[in-house]
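Enquirer: Structure supplied as structure_6.cif; contents: mmCIF, N, CA and C atoms.
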data_model
loop_
_atom_site.label_atom_id
_atom_site.label_comp_id
_atom_site.auth_asym_id
_atom_site.auth_seq_id
_atom_site.Cartn_x
_atom_site.Cartn_y
_atom_site.Cartn_z
N MET A 1 3.84 53.61 79.51
CA MET A 1 3.88 54.06 78.12
C MET A 1 2.80 55.12 77.86
N ARG A 2 1.69 54.99 78.57
CA ARG A 2 0.60 55.94 78.39
C ARG A 2 1.05 57.35 78.76
N ASN A 3 1.82 57.47 79.84
CA ASN A 3 2.30 58.79 80.26
C ASN A 3 3.29 59.38 79.26
N ILE A 4 4.13 58.53 78.68
CA ILE A 4 5.08 59.01 77.66
C ILE A 4 4.30 59.49 76.44
N ALA A 5 3.30 58.73 76.02
CA ALA A 5 2.47 59.14 74.88
C ALA A 5 1.77 60.46 75.18
N PHE A 6 1.26 60.63 76.41
CA PHE A 6 0.60 61.88 76.78
C PHE A 6 1.58 63.05 76.71
N LEU A 7 2.77 62.88 77.27
CA LEU A 7 3.77 63.95 77.25
C LEU A 7 4.17 64.33 75.83
N LEU A 8 4.38 63.32 74.99
CA LEU A 8 4.77 63.60 73.61
C LEU A 8 3.63 64.24 72.84
N CYS A 9 2.44 63.66 72.94
CA CYS A 9 1.31 64.18 72.16
C CYS A 9 0.96 65.61 72.53
N THR A 10 1.07 65.95 73.81
CA THR A 10 0.76 67.31 74.26
C THR A 10 2.00 68.20 74.26
N TRP A 11 3.09 67.68 73.73
CA TRP A 11 4.39 68.35 73.69
C TRP A 11 4.72 68.95 75.07
N PHE A 12 4.78 68.01 76.02
CA PHE A 12 5.16 68.30 77.40
C PHE A 12 4.14 69.20 78.09
N GLY A 13 2.88 69.05 77.71
CA GLY A 13 1.78 69.76 78.37
C GLY A 13 1.31 71.01 77.66
N LEU A 14 2.02 71.48 76.64
CA LEU A 14 1.61 72.71 75.96
C LEU A 14 0.23 72.58 75.32
N GLY A 15 -0.11 71.39 74.86
CA GLY A 15 -1.41 71.18 74.23
C GLY A 15 -2.58 71.32 75.19
N LYS A 16 -2.30 71.30 76.48
CA LYS A 16 -3.35 71.46 77.49
C LYS A 16 -3.56 72.92 77.88
N LEU A 17 -2.73 73.83 77.34
CA LEU A 17 -2.93 75.25 77.63
C LEU A 17 -4.22 75.72 76.97
N PRO A 18 -4.84 76.79 77.50
CA PRO A 18 -6.16 77.19 77.02
C PRO A 18 -6.17 77.81 75.63
N LYS A 19 -7.31 77.67 75.00
CA LYS A 19 -7.77 78.35 73.79
C LYS A 19 -7.15 77.90 72.47
N VAL A 20 -5.86 77.98 72.28
CA VAL A 20 -5.27 77.71 70.97
C VAL A 20 -4.13 76.69 71.10
N PRO A 21 -4.46 75.43 71.36
CA PRO A 21 -3.40 74.45 71.61
C PRO A 21 -2.44 74.26 70.44
N GLY A 22 -2.93 74.34 69.21
CA GLY A 22 -2.06 74.18 68.05
C GLY A 22 -1.01 75.28 67.97
N THR A 23 -1.42 76.49 68.33
CA THR A 23 -0.48 77.61 68.34
C THR A 23 0.55 77.42 69.44
N TRP A 24 0.11 76.97 70.61
CA TRP A 24 1.06 76.68 71.70
C TRP A 24 2.05 75.60 71.28
N GLY A 25 1.54 74.55 70.63
CA GLY A 25 2.43 73.47 70.20
C GLY A 25 3.45 73.94 69.18
N SER A 26 2.99 74.76 68.23
CA SER A 26 3.91 75.31 67.22
C SER A 26 4.95 76.21 67.87
N ALA A 27 4.52 77.04 68.81
CA ALA A 27 5.46 77.91 69.51
C ALA A 27 6.47 77.09 70.32
N GLY A 28 5.99 76.01 70.93
CA GLY A 28 6.87 75.15 71.70
C GLY A 28 7.86 74.38 70.85
N ALA A 29 7.60 74.30 69.57
CA ALA A 29 8.53 73.62 68.65
C ALA A 29 9.71 74.50 68.28
N LEU A 30 9.55 75.82 68.38
CA LEU A 30 10.57 76.75 67.90
C LEU A 30 11.91 76.62 68.62
N PRO A 31 11.97 76.61 69.95
CA PRO A 31 13.29 76.52 70.59
C PRO A 31 14.00 75.20 70.27
N PHE A 32 13.24 74.13 70.14
CA PHE A 32 13.85 72.85 69.79
C PHE A 32 14.41 72.91 68.36
N ALA A 33 13.66 73.53 67.45
CA ALA A 33 14.13 73.67 66.07
C ALA A 33 15.43 74.48 66.03
N TRP A 34 15.45 75.56 66.78
CA TRP A 34 16.64 76.42 66.83
C TRP A 34 17.84 75.61 67.34
N ALA A 35 17.63 74.86 68.42
CA ALA A 35 18.72 74.06 69.00
C ALA A 35 19.20 72.99 68.01
N LEU A 36 18.27 72.32 67.36
CA LEU A 36 18.65 71.28 66.40
C LEU A 36 19.43 71.87 65.23
N GLN A 37 18.97 73.01 64.71
CA GLN A 37 19.69 73.65 63.61
C GLN A 37 21.05 74.15 64.05
N SER A 38 21.13 74.64 65.28
CA SER A 38 22.42 75.10 65.80
C SER A 38 23.42 73.95 65.89
N LEU A 39 22.93 72.79 66.27
CA LEU A 39 23.80 71.62 66.44
C LEU A 39 24.17 70.94 65.12
N GLY A 40 23.22 70.86 64.19
CA GLY A 40 23.49 70.06 63.00
C GLY A 40 22.98 70.61 61.70
N GLY A 41 22.54 71.85 61.69
CA GLY A 41 22.08 72.45 60.45
C GLY A 41 20.72 71.94 60.00
N PRO A 42 20.36 72.28 58.77
CA PRO A 42 19.03 71.94 58.27
C PRO A 42 18.78 70.43 58.18
N TRP A 43 19.81 69.67 57.92
CA TRP A 43 19.59 68.23 57.75
C TRP A 43 19.25 67.55 59.06
N LEU A 44 19.83 68.01 60.15
CA LEU A 44 19.46 67.45 61.46
C LEU A 44 18.01 67.79 61.78
N LEU A 45 17.59 69.02 61.47
CA LEU A 45 16.20 69.39 61.71
C LEU A 45 15.26 68.58 60.84
N ALA A 46 15.63 68.34 59.59
CA ALA A 46 14.79 67.53 58.69
C ALA A 46 14.66 66.10 59.21
N VAL A 47 15.77 65.51 59.64
CA VAL A 47 15.73 64.15 60.18
C VAL A 47 14.89 64.13 61.47
N ALA A 48 15.07 65.13 62.31
CA ALA A 48 14.30 65.20 63.56
C ALA A 48 12.80 65.34 63.27
N ALA A 49 12.44 66.14 62.26
CA ALA A 49 11.03 66.30 61.91
C ALA A 49 10.43 64.97 61.47
N MET A 50 11.17 64.23 60.68
CA MET A 50 10.67 62.93 60.23
C MET A 50 10.62 61.93 61.39
N ALA A 51 11.61 61.99 62.28
CA ALA A 51 11.61 61.10 63.44
C ALA A 51 10.43 61.40 64.35
N VAL A 52 10.15 62.68 64.59
CA VAL A 52 9.00 63.05 65.42
C VAL A 52 7.71 62.64 64.74
N ALA A 53 7.63 62.79 63.43
CA ALA A 53 6.42 62.37 62.71
C ALA A 53 6.20 60.86 62.88
N LEU A 54 7.24 60.08 62.72
CA LEU A 54 7.10 58.63 62.88
C LEU A 54 6.77 58.27 64.33
N LEU A 55 7.45 58.89 65.27
CA LEU A 55 7.17 58.64 66.68
C LEU A 55 5.75 59.05 67.03
N SER A 56 5.27 60.12 66.41
CA SER A 56 3.93 60.60 66.71
C SER A 56 2.86 59.59 66.29
N LEU A 57 3.12 58.82 65.24
CA LEU A 57 2.14 57.80 64.85
C LEU A 57 1.90 56.81 65.99
N TRP A 58 2.96 56.39 66.64
CA TRP A 58 2.84 55.49 67.79
C TRP A 58 2.15 56.21 68.96
N ALA A 59 2.64 57.41 69.29
CA ALA A 59 2.14 58.14 70.46
C ALA A 59 0.67 58.51 70.30
N ILE A 60 0.29 59.00 69.12
CA ILE A 60 -1.10 59.40 68.88
C ILE A 60 -2.02 58.19 68.94
N ARG A 61 -1.59 57.08 68.35
CA ARG A 61 -2.41 55.86 68.41
C ARG A 61 -2.67 55.46 69.85
N LEU A 62 -1.62 55.47 70.67
CA LEU A 62 -1.77 55.11 72.08
C LEU A 62 -2.62 56.14 72.82
N TYR A 63 -2.41 57.41 72.54
CA TYR A 63 -3.20 58.47 73.17
C TYR A 63 -4.68 58.29 72.86
N LEU A 64 -4.99 58.07 71.58
CA LEU A 64 -6.40 57.93 71.18
C LEU A 64 -7.05 56.68 71.76
N SER A 65 -6.25 55.66 72.08
CA SER A 65 -6.84 54.45 72.67
C SER A 65 -7.23 54.68 74.13
N HIS A 66 -6.65 55.67 74.78
CA HIS A 66 -6.98 55.97 76.17
C HIS A 66 -7.82 57.23 76.34
N TRP A 67 -7.65 58.18 75.45
CA TRP A 67 -8.41 59.43 75.50
C TRP A 67 -9.02 59.64 74.11
N PRO A 68 -10.13 58.96 73.84
CA PRO A 68 -10.67 58.95 72.46
C PRO A 68 -11.12 60.31 71.96
N GLY A 69 -11.20 60.39 70.68
CA GLY A 69 -11.66 61.57 69.97
C GLY A 69 -11.12 61.49 68.55
N GLU A 70 -11.73 62.22 67.63
CA GLU A 70 -11.27 62.21 66.24
C GLU A 70 -9.89 62.84 66.11
N ASP A 71 -9.76 64.07 66.59
CA ASP A 71 -8.49 64.80 66.55
C ASP A 71 -8.49 65.77 67.73
N PRO A 72 -8.27 65.22 68.94
CA PRO A 72 -8.32 66.09 70.12
C PRO A 72 -7.35 67.26 70.00
N GLY A 73 -7.81 68.44 70.34
CA GLY A 73 -7.00 69.64 70.20
C GLY A 73 -5.71 69.60 71.00
N GLU A 74 -5.72 68.86 72.11
CA GLU A 74 -4.53 68.84 72.95
C GLU A 74 -3.37 68.07 72.32
N ILE A 75 -3.64 67.28 71.30
CA ILE A 75 -2.55 66.60 70.58
C ILE A 75 -1.89 67.63 69.68
N VAL A 76 -0.64 67.98 70.00
CA VAL A 76 0.08 69.01 69.23
C VAL A 76 1.42 68.52 68.70
N ILE A 77 1.74 67.25 68.89
CA ILE A 77 3.00 66.73 68.35
C ILE A 77 3.00 66.83 66.82
N ASP A 78 1.82 66.78 66.22
CA ASP A 78 1.70 66.93 64.77
C ASP A 78 2.09 68.34 64.35
N GLU A 79 1.74 69.34 65.16
CA GLU A 79 2.17 70.72 64.88
C GLU A 79 3.69 70.84 64.99
N VAL A 80 4.28 70.13 65.94
CA VAL A 80 5.73 70.18 66.10
C VAL A 80 6.41 69.67 64.82
N ALA A 81 5.97 68.51 64.33
CA ALA A 81 6.57 67.95 63.11
C ALA A 81 6.38 68.90 61.93
N GLY A 82 5.19 69.45 61.78
CA GLY A 82 4.92 70.37 60.67
C GLY A 82 5.70 71.67 60.80
N GLN A 83 5.77 72.21 62.00
CA GLN A 83 6.52 73.45 62.22
C GLN A 83 7.99 73.24 61.91
N TRP A 84 8.54 72.12 62.32
CA TRP A 84 9.94 71.83 62.03
C TRP A 84 10.18 71.71 60.53
N LEU A 85 9.24 71.08 59.80
CA LEU A 85 9.40 71.00 58.34
C LEU A 85 9.45 72.40 57.73
N THR A 86 8.57 73.29 58.18
CA THR A 86 8.56 74.65 57.66
C THR A 86 9.91 75.33 57.86
N LEU A 87 10.58 75.04 58.97
CA LEU A 87 11.81 75.75 59.33
C LEU A 87 13.09 75.07 58.84
N VAL A 88 12.99 73.94 58.16
CA VAL A 88 14.18 73.18 57.81
C VAL A 88 15.25 74.02 57.12
N PHE A 89 14.89 74.81 56.15
CA PHE A 89 15.88 75.57 55.39
C PHE A 89 15.93 77.05 55.77
N VAL A 90 15.35 77.39 56.90
CA VAL A 90 15.33 78.77 57.37
C VAL A 90 16.61 79.04 58.16
N PRO A 91 17.35 80.08 57.79
CA PRO A 91 18.55 80.42 58.57
C PRO A 91 18.19 80.77 60.01
N LEU A 92 19.16 80.63 60.89
CA LEU A 92 18.94 80.96 62.30
C LEU A 92 18.83 82.48 62.46
N ASP A 93 17.63 82.96 62.30
CA ASP A 93 17.33 84.38 62.38
C ASP A 93 15.97 84.50 63.08
N PRO A 94 15.90 85.21 64.19
CA PRO A 94 14.63 85.29 64.92
C PRO A 94 13.46 85.82 64.09
N VAL A 95 13.71 86.77 63.21
CA VAL A 95 12.63 87.32 62.38
C VAL A 95 12.12 86.26 61.43
N LEU A 96 13.03 85.52 60.79
CA LEU A 96 12.61 84.46 59.87
C LEU A 96 11.89 83.34 60.61
N TYR A 97 12.34 83.03 61.81
CA TYR A 97 11.63 82.01 62.60
C TYR A 97 10.21 82.47 62.93
N LEU A 98 10.05 83.74 63.26
CA LEU A 98 8.72 84.27 63.53
C LEU A 98 7.84 84.21 62.28
N ILE A 99 8.41 84.59 61.15
CA ILE A 99 7.67 84.51 59.88
C ILE A 99 7.31 83.05 59.60
N GLY A 100 8.24 82.14 59.79
CA GLY A 100 7.98 80.71 59.58
C GLY A 100 6.88 80.19 60.49
N PHE A 101 6.84 80.68 61.71
CA PHE A 101 5.78 80.32 62.65
C PHE A 101 4.42 80.76 62.10
N VAL A 102 4.33 82.01 61.66
CA VAL A 102 3.07 82.54 61.13
C VAL A 102 2.66 81.81 59.85
N VAL A 103 3.63 81.55 58.98
CA VAL A 103 3.34 80.85 57.73
C VAL A 103 2.80 79.45 58.02
N PHE A 104 3.45 78.72 58.93
CA PHE A 104 2.96 77.37 59.25
C PHE A 104 1.57 77.43 59.85
N ARG A 105 1.33 78.35 60.79
CA ARG A 105 0.00 78.44 61.41
C ARG A 105 -1.06 78.75 60.35
N PHE A 106 -0.73 79.62 59.38
CA PHE A 106 -1.68 79.92 58.31
C PHE A 106 -2.05 78.65 57.55
N PHE A 107 -1.05 77.89 57.11
CA PHE A 107 -1.34 76.68 56.35
C PHE A 107 -2.00 75.61 57.20
N ASP A 108 -1.66 75.54 58.47
CA ASP A 108 -2.28 74.55 59.35
C ASP A 108 -3.76 74.86 59.55
N MET A 109 -4.10 76.14 59.65
CA MET A 109 -5.49 76.51 59.88
C MET A 109 -6.33 76.49 58.60
N THR A 110 -5.73 76.86 57.47
CA THR A 110 -6.52 76.93 56.23
C THR A 110 -6.68 75.57 55.55
N LYS A 111 -5.76 74.66 55.80
CA LYS A 111 -5.83 73.30 55.26
C LYS A 111 -6.09 73.27 53.75
N ILE A 112 -5.19 73.87 53.01
CA ILE A 112 -5.27 73.89 51.56
C ILE A 112 -5.08 72.46 51.03
N TRP A 113 -5.85 72.11 49.99
CA TRP A 113 -5.79 70.76 49.44
C TRP A 113 -4.36 70.40 49.07
N PRO A 114 -3.90 69.20 49.33
CA PRO A 114 -4.58 68.00 49.81
C PRO A 114 -4.65 67.86 51.33
N ALA A 115 -4.21 68.89 52.07
CA ALA A 115 -4.32 68.81 53.54
C ALA A 115 -5.78 68.68 53.96
N SER A 116 -6.67 69.40 53.29
CA SER A 116 -8.10 69.32 53.63
C SER A 116 -8.63 67.93 53.36
N TRP A 117 -8.19 67.31 52.28
CA TRP A 117 -8.62 65.94 51.99
C TRP A 117 -8.14 64.99 53.09
N ALA A 118 -6.88 65.11 53.49
CA ALA A 118 -6.34 64.25 54.54
C ALA A 118 -7.09 64.47 55.84
N ASP A 119 -7.38 65.71 56.17
CA ASP A 119 -8.08 66.03 57.41
C ASP A 119 -9.47 65.41 57.44
N ARG A 120 -10.17 65.40 56.30
CA ARG A 120 -11.53 64.87 56.23
C ARG A 120 -11.58 63.35 56.07
N ASN A 121 -10.61 62.76 55.40
CA ASN A 121 -10.75 61.37 54.99
C ASN A 121 -9.88 60.36 55.73
N LEU A 122 -8.86 60.80 56.41
CA LEU A 122 -8.02 59.87 57.14
C LEU A 122 -8.44 59.86 58.60
N SER A 123 -8.30 58.70 59.22
CA SER A 123 -8.68 58.61 60.63
C SER A 123 -7.51 58.10 61.45
N GLY A 124 -7.68 58.12 62.75
CA GLY A 124 -6.65 57.65 63.65
C GLY A 124 -5.42 58.53 63.60
N ALA A 125 -4.29 57.94 63.96
CA ALA A 125 -3.04 58.70 64.01
C ALA A 125 -2.68 59.35 62.68
N PRO A 126 -2.80 58.63 61.53
CA PRO A 126 -2.49 59.31 60.26
C PRO A 126 -3.41 60.50 60.00
N GLY A 127 -4.67 60.40 60.39
CA GLY A 127 -5.60 61.50 60.21
C GLY A 127 -5.24 62.73 61.02
N VAL A 128 -4.65 62.51 62.19
CA VAL A 128 -4.22 63.63 63.02
C VAL A 128 -2.96 64.27 62.45
N LEU A 129 -2.06 63.46 61.92
CA LEU A 129 -0.72 63.91 61.55
C LEU A 129 -0.60 64.48 60.14
N ILE A 130 -1.17 63.84 59.16
CA ILE A 130 -0.78 64.09 57.77
C ILE A 130 -1.14 65.49 57.28
N ASP A 131 -2.27 66.05 57.72
CA ASP A 131 -2.59 67.41 57.28
C ASP A 131 -1.55 68.41 57.78
N ASP A 132 -0.97 68.15 58.95
CA ASP A 132 0.08 69.04 59.46
C ASP A 132 1.39 68.88 58.70
N LEU A 133 1.66 67.67 58.23
CA LEU A 133 2.85 67.48 57.40
C LEU A 133 2.70 68.23 56.07
N PHE A 134 1.50 68.20 55.49
CA PHE A 134 1.26 69.00 54.29
C PHE A 134 1.46 70.48 54.58
N ALA A 135 0.90 70.96 55.70
CA ALA A 135 1.07 72.37 56.06
C ALA A 135 2.55 72.71 56.23
N GLY A 136 3.31 71.79 56.82
CA GLY A 136 4.74 72.00 56.98
C GLY A 136 5.47 72.07 55.65
N LEU A 137 5.08 71.22 54.72
CA LEU A 137 5.70 71.25 53.39
C LEU A 137 5.33 72.52 52.63
N TYR A 138 4.07 72.95 52.73
CA TYR A 138 3.68 74.22 52.10
C TYR A 138 4.51 75.36 52.70
N GLY A 139 4.62 75.35 54.03
CA GLY A 139 5.39 76.38 54.71
C GLY A 139 6.85 76.35 54.31
N MET A 140 7.41 75.14 54.14
CA MET A 140 8.80 75.01 53.71
C MET A 140 8.99 75.68 52.35
N GLY A 141 8.06 75.45 51.44
CA GLY A 141 8.15 76.06 50.12
C GLY A 141 8.11 77.58 50.18
N VAL A 142 7.21 78.13 50.98
CA VAL A 142 7.11 79.58 51.13
C VAL A 142 8.39 80.14 51.73
N MET A 143 8.90 79.47 52.76
CA MET A 143 10.10 79.98 53.43
C MET A 143 11.34 79.84 52.55
N LEU A 144 11.41 78.80 51.75
CA LEU A 144 12.51 78.68 50.79
C LEU A 144 12.48 79.84 49.81
N ALA A 145 11.31 80.13 49.26
CA ALA A 145 11.18 81.24 48.32
C ALA A 145 11.51 82.57 49.00
N LEU A 146 10.99 82.77 50.19
CA LEU A 146 11.24 84.02 50.92
C LEU A 146 12.73 84.22 51.18
N THR A 147 13.39 83.20 51.68
CA THR A 147 14.81 83.35 51.99
C THR A 147 15.67 83.45 50.73
N TYR A 148 15.25 82.81 49.67
CA TYR A 148 16.03 82.85 48.43
C TYR A 148 15.90 84.20 47.73
N TYR A 149 14.66 84.71 47.63
CA TYR A 149 14.41 85.90 46.83
C TYR A 149 14.49 87.21 47.61
N TRP A 150 14.17 87.17 48.90
CA TRP A 150 14.06 88.44 49.62
C TRP A 150 14.96 88.57 50.83
N TRP A 151 15.63 87.55 51.26
CA TRP A 151 16.39 87.69 52.50
C TRP A 151 17.85 87.75 52.24
#
Could I get this structure in the form of structure tokens?
Expert:
Amino acid sequence: MRNIAFLLCTWFGLGKLPKVPGTWGSAGALPFAWALQSLGGPWLLAVAAMAVALLSLWAIRLYLSHWPGEDPGEIVIDEVAGQWLTLVFVPLDPVLYLIGFVVFRFFDMTKIWPASWADRNLSGAPGVLIDDLFAGLYGMGVMLALTYYWW
């Protein structure tokens, strides 16, 4: 189970790549999001994002019990869930996916309240995950507005 948790938390090893693991994890989420939307539209991607978020609570808890730390950078499954939330209502368009990637990374790095509160005050698996879910929801709002008004 430890190996499965490691693979999921690092999103199949992307979180172990150098320098910017969160960016690697977000980038690694994009092809899966595209495939899920191609197969079942936005609702399949939304369900998958929530499923990954719930699964990540188990995987992160197990990961932290073997490789301790507050929020180890190599854990990027939280970026996957957040990135997918950002892309839920984005049409299958490479330019919009790229914009959605940048928008999510912006919100993930800036941690606008209440993401900043969650990042500072929650611990364990919820502390790793919830700020990214907020970033994903912020990104979803921006991408909804962008696609509605300008695309």
Enquirer: Quick one: residues within 10 Å of Asp131 in chain A, only C-alpha atoms, excluding same-chain residues fewer than 3 positions away - as a ChimeraX atom specification?
Expert: /A:78-79,82,107-109,111-120,122,126-128,134-137
Enquirer: Any chance you could work out the residue set of the PyMOL selection byres ((chain A and resi 5) around 8) here, as an MDAnalysis selection string?
Expert: chainID A and resid 1:4 6:11 58:63
Enquirer: Per DSSP on the backbone, filter chain A down to the residues in helix (DSSP H, G or I) and report them as a PyMOL selection string.
Expert: chain A and resi 2-9+14-16+21-66+77-87+94-110+115-121+124-149
Enquirer: Out of A:Asn121, A:Trp24, A:Leu14, A:Pro91, which residue has the shortest atom-to-atom distance to Ser38 in chain A when counting only C-alpha atoms?
Expert: A:Pro91
Enquirer: May I have the protein, DNA and RNA residues with an atom at most 8 Å from (13.1, 73.5, 65.7), counting all atoms listed in the file in the file's coordinates, returned as a PyMOL selection string?
Expert: chain A and resi 28-37+45+80+83-85+87-88
Enquirer: Let me see the file: selected residues, N, CA and C atoms, as a compact mmCIF listing (two decimals), in the coordinates of the input.
Expert:
# COMPACT_ATOMS: atom_id res chain seq x y z
N GLY A 28 5.99 76.01 70.93
CA GLY A 28 6.87 75.15 71.70
C GLY A 28 7.86 74.38 70.85
N ALA A 29 7.60 74.30 69.57
CA ALA A 29 8.53 73.62 68.65
C ALA A 29 9.71 74.50 68.28
N LEU A 30 9.55 75.82 68.38
CA LEU A 30 10.57 76.75 67.90
C LEU A 30 11.91 76.62 68.62
N PRO A 31 11.97 76.61 69.95
CA PRO A 31 13.29 76.52 70.59
C PRO A 31 14.00 75.20 70.27
N PHE A 32 13.24 74.13 70.14
CA PHE A 32 13.85 72.85 69.79
C PHE A 32 14.41 72.91 68.36
N ALA A 33 13.66 73.53 67.45
CA ALA A 33 14.13 73.67 66.07
C ALA A 33 15.43 74.48 66.03
N TRP A 34 15.45 75.56 66.78
CA TRP A 34 16.64 76.42 66.83
C TRP A 34 17.84 75.61 67.34
N ALA A 35 17.63 74.86 68.42
CA ALA A 35 18.72 74.06 69.00
C ALA A 35 19.20 72.99 68.01
N LEU A 36 18.27 72.32 67.36
CA LEU A 36 18.65 71.28 66.40
C LEU A 36 19.43 71.87 65.23
N GLN A 37 18.97 73.01 64.71
CA GLN A 37 19.69 73.65 63.61
C GLN A 37 21.05 74.15 64.05
N LEU A 45 17.59 69.02 61.47
CA LEU A 45 16.20 69.39 61.71
C LEU A 45 15.26 68.58 60.84
N VAL A 80 4.28 70.13 65.94
CA VAL A 80 5.73 70.18 66.10
C VAL A 80 6.41 69.67 64.82
N GLN A 83 5.77 72.21 62.00
CA GLN A 83 6.52 73.45 62.22
C GLN A 83 7.99 73.24 61.91
N TRP A 84 8.54 72.12 62.32
CA TRP A 84 9.94 71.83 62.03
C TRP A 84 10.18 71.71 60.53
N LEU A 85 9.24 71.08 59.80
CA LEU A 85 9.40 71.00 58.34
C LEU A 85 9.45 72.40 57.73
N LEU A 87 10.58 75.04 58.97
CA LEU A 87 11.81 75.75 59.33
C LEU A 87 13.09 75.07 58.84
N VAL A 88 12.99 73.94 58.16
CA VAL A 88 14.18 73.18 57.81
C VAL A 88 15.25 74.02 57.12
Enquirer: If I take atom N of Trp67 in chain A and atom N of Pro21 in chain A, how far is one from the other in Å, to one decimal?
Expert: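 For atom N of Trp67 in chain A relative to atom N of Pro21 in chain A, the distance reads 18.0 Å.
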Enquirer: Atom N of Thr23 in chain A and atom C of Glu74 in chain A are how many Å apart?
Expert: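 Taking atom N of Thr23 in chain A and atom C of Glu74 in chain A, their separation equals 9.5 Å.
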Enquirer: Kindly give the distance, in Å, that separates CA of Ala48 in chain A and CA of Ala81 in chain A, rounded to a single decimal.
Expert: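 Going from CA of Ala48 in chain A over to CA of Ala81 in chain A covers 8.2 Å.
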Enquirer: Compare A:Thr110, A:Thr86, A:Ser26, A:Ser123 by their minimum atom-to-atom distance to Met140 in chain A, counting only C-alpha atoms, and give me the closest one.
Expert: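 Ranked by minimum distance to Met140 in chain A, first place goes to A:Thr86.
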Enquirer: List the residues selected by the PyMOL selection byres ((chain A and resi 143) around 8) in the file shown, writing them as a list in words.
Expert: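 Given this file, the PyMOL selection byres ((chain A and resi 143) around 8) evaluates to Thr86, Leu87, Phe89, Val90, Pro91, Ile99, Gly100, Val103, Leu137, Tyr138, Gly139, Met140, Gly141, Val142, Leu144, Ala145, Leu146, Thr147, Tyr148 and Tyr149 of chain A.
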Enquirer: Using only the atoms of range 37-50 of chain A listed in the file, plus 4 Å on each side, state the axis-aligned box centre and edge lengths in Å rounded to one decimal, as lines of an AutoDock Vina configuration file.
Expert:
center_x = 17.3
center_y = 68.5
center_z = 62.1
size_x = 21.7
size_y = 21.2
size_z = 16.7
Enquirer: Counting only C-alpha atoms, which residue out of A:Ala51, A:Ala46, A:Leu17, A:Ala27 sits closest to Arg105 in chain A?
Expert: A:Ala27
Enquirer: Would you mind completing range 49-53 of chain A so that it carries all heavy atoms, and writing it out as a compact mmCIF listing (two decimals), keeping the file's coordinate frame?
Expert:
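Done, and the output landed in part_13.txt:
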# COMPACT_ATOMS: atom_id res chain seq x y z
N ALA A 49 12.44 66.14 62.26
CA ALA A 49 11.03 66.30 61.91
C ALA A 49 10.43 64.97 61.47
O ALA A 49 9.32 64.62 61.88
CB ALA A 49 10.88 67.34 60.80
N MET A 50 11.17 64.23 60.68
CA MET A 50 10.67 62.93 60.23
C MET A 50 10.62 61.93 61.39
O MET A 50 9.68 61.13 61.50
CB MET A 50 11.52 62.38 59.09
CG MET A 50 11.34 63.13 57.78
SD MET A 50 9.66 63.00 57.11
CE MET A 50 8.89 64.48 57.71
N ALA A 51 11.61 61.99 62.28
CA ALA A 51 11.61 61.10 63.44
C ALA A 51 10.43 61.40 64.35
O ALA A 51 9.75 60.47 64.83
CB ALA A 51 12.93 61.23 64.20
N VAL A 52 10.15 62.68 64.59
CA VAL A 52 9.00 63.05 65.42
C VAL A 52 7.71 62.64 64.74
O VAL A 52 6.78 62.17 65.40
CB VAL A 52 9.02 64.57 65.75
CG1 VAL A 52 7.68 65.05 66.26
CG2 VAL A 52 10.10 64.85 66.78
N ALA A 53 7.63 62.79 63.43
CA ALA A 53 6.42 62.37 62.71
C ALA A 53 6.20 60.86 62.88
O ALA A 53 5.07 60.42 63.17
CB ALA A 53 6.53 62.73 61.23
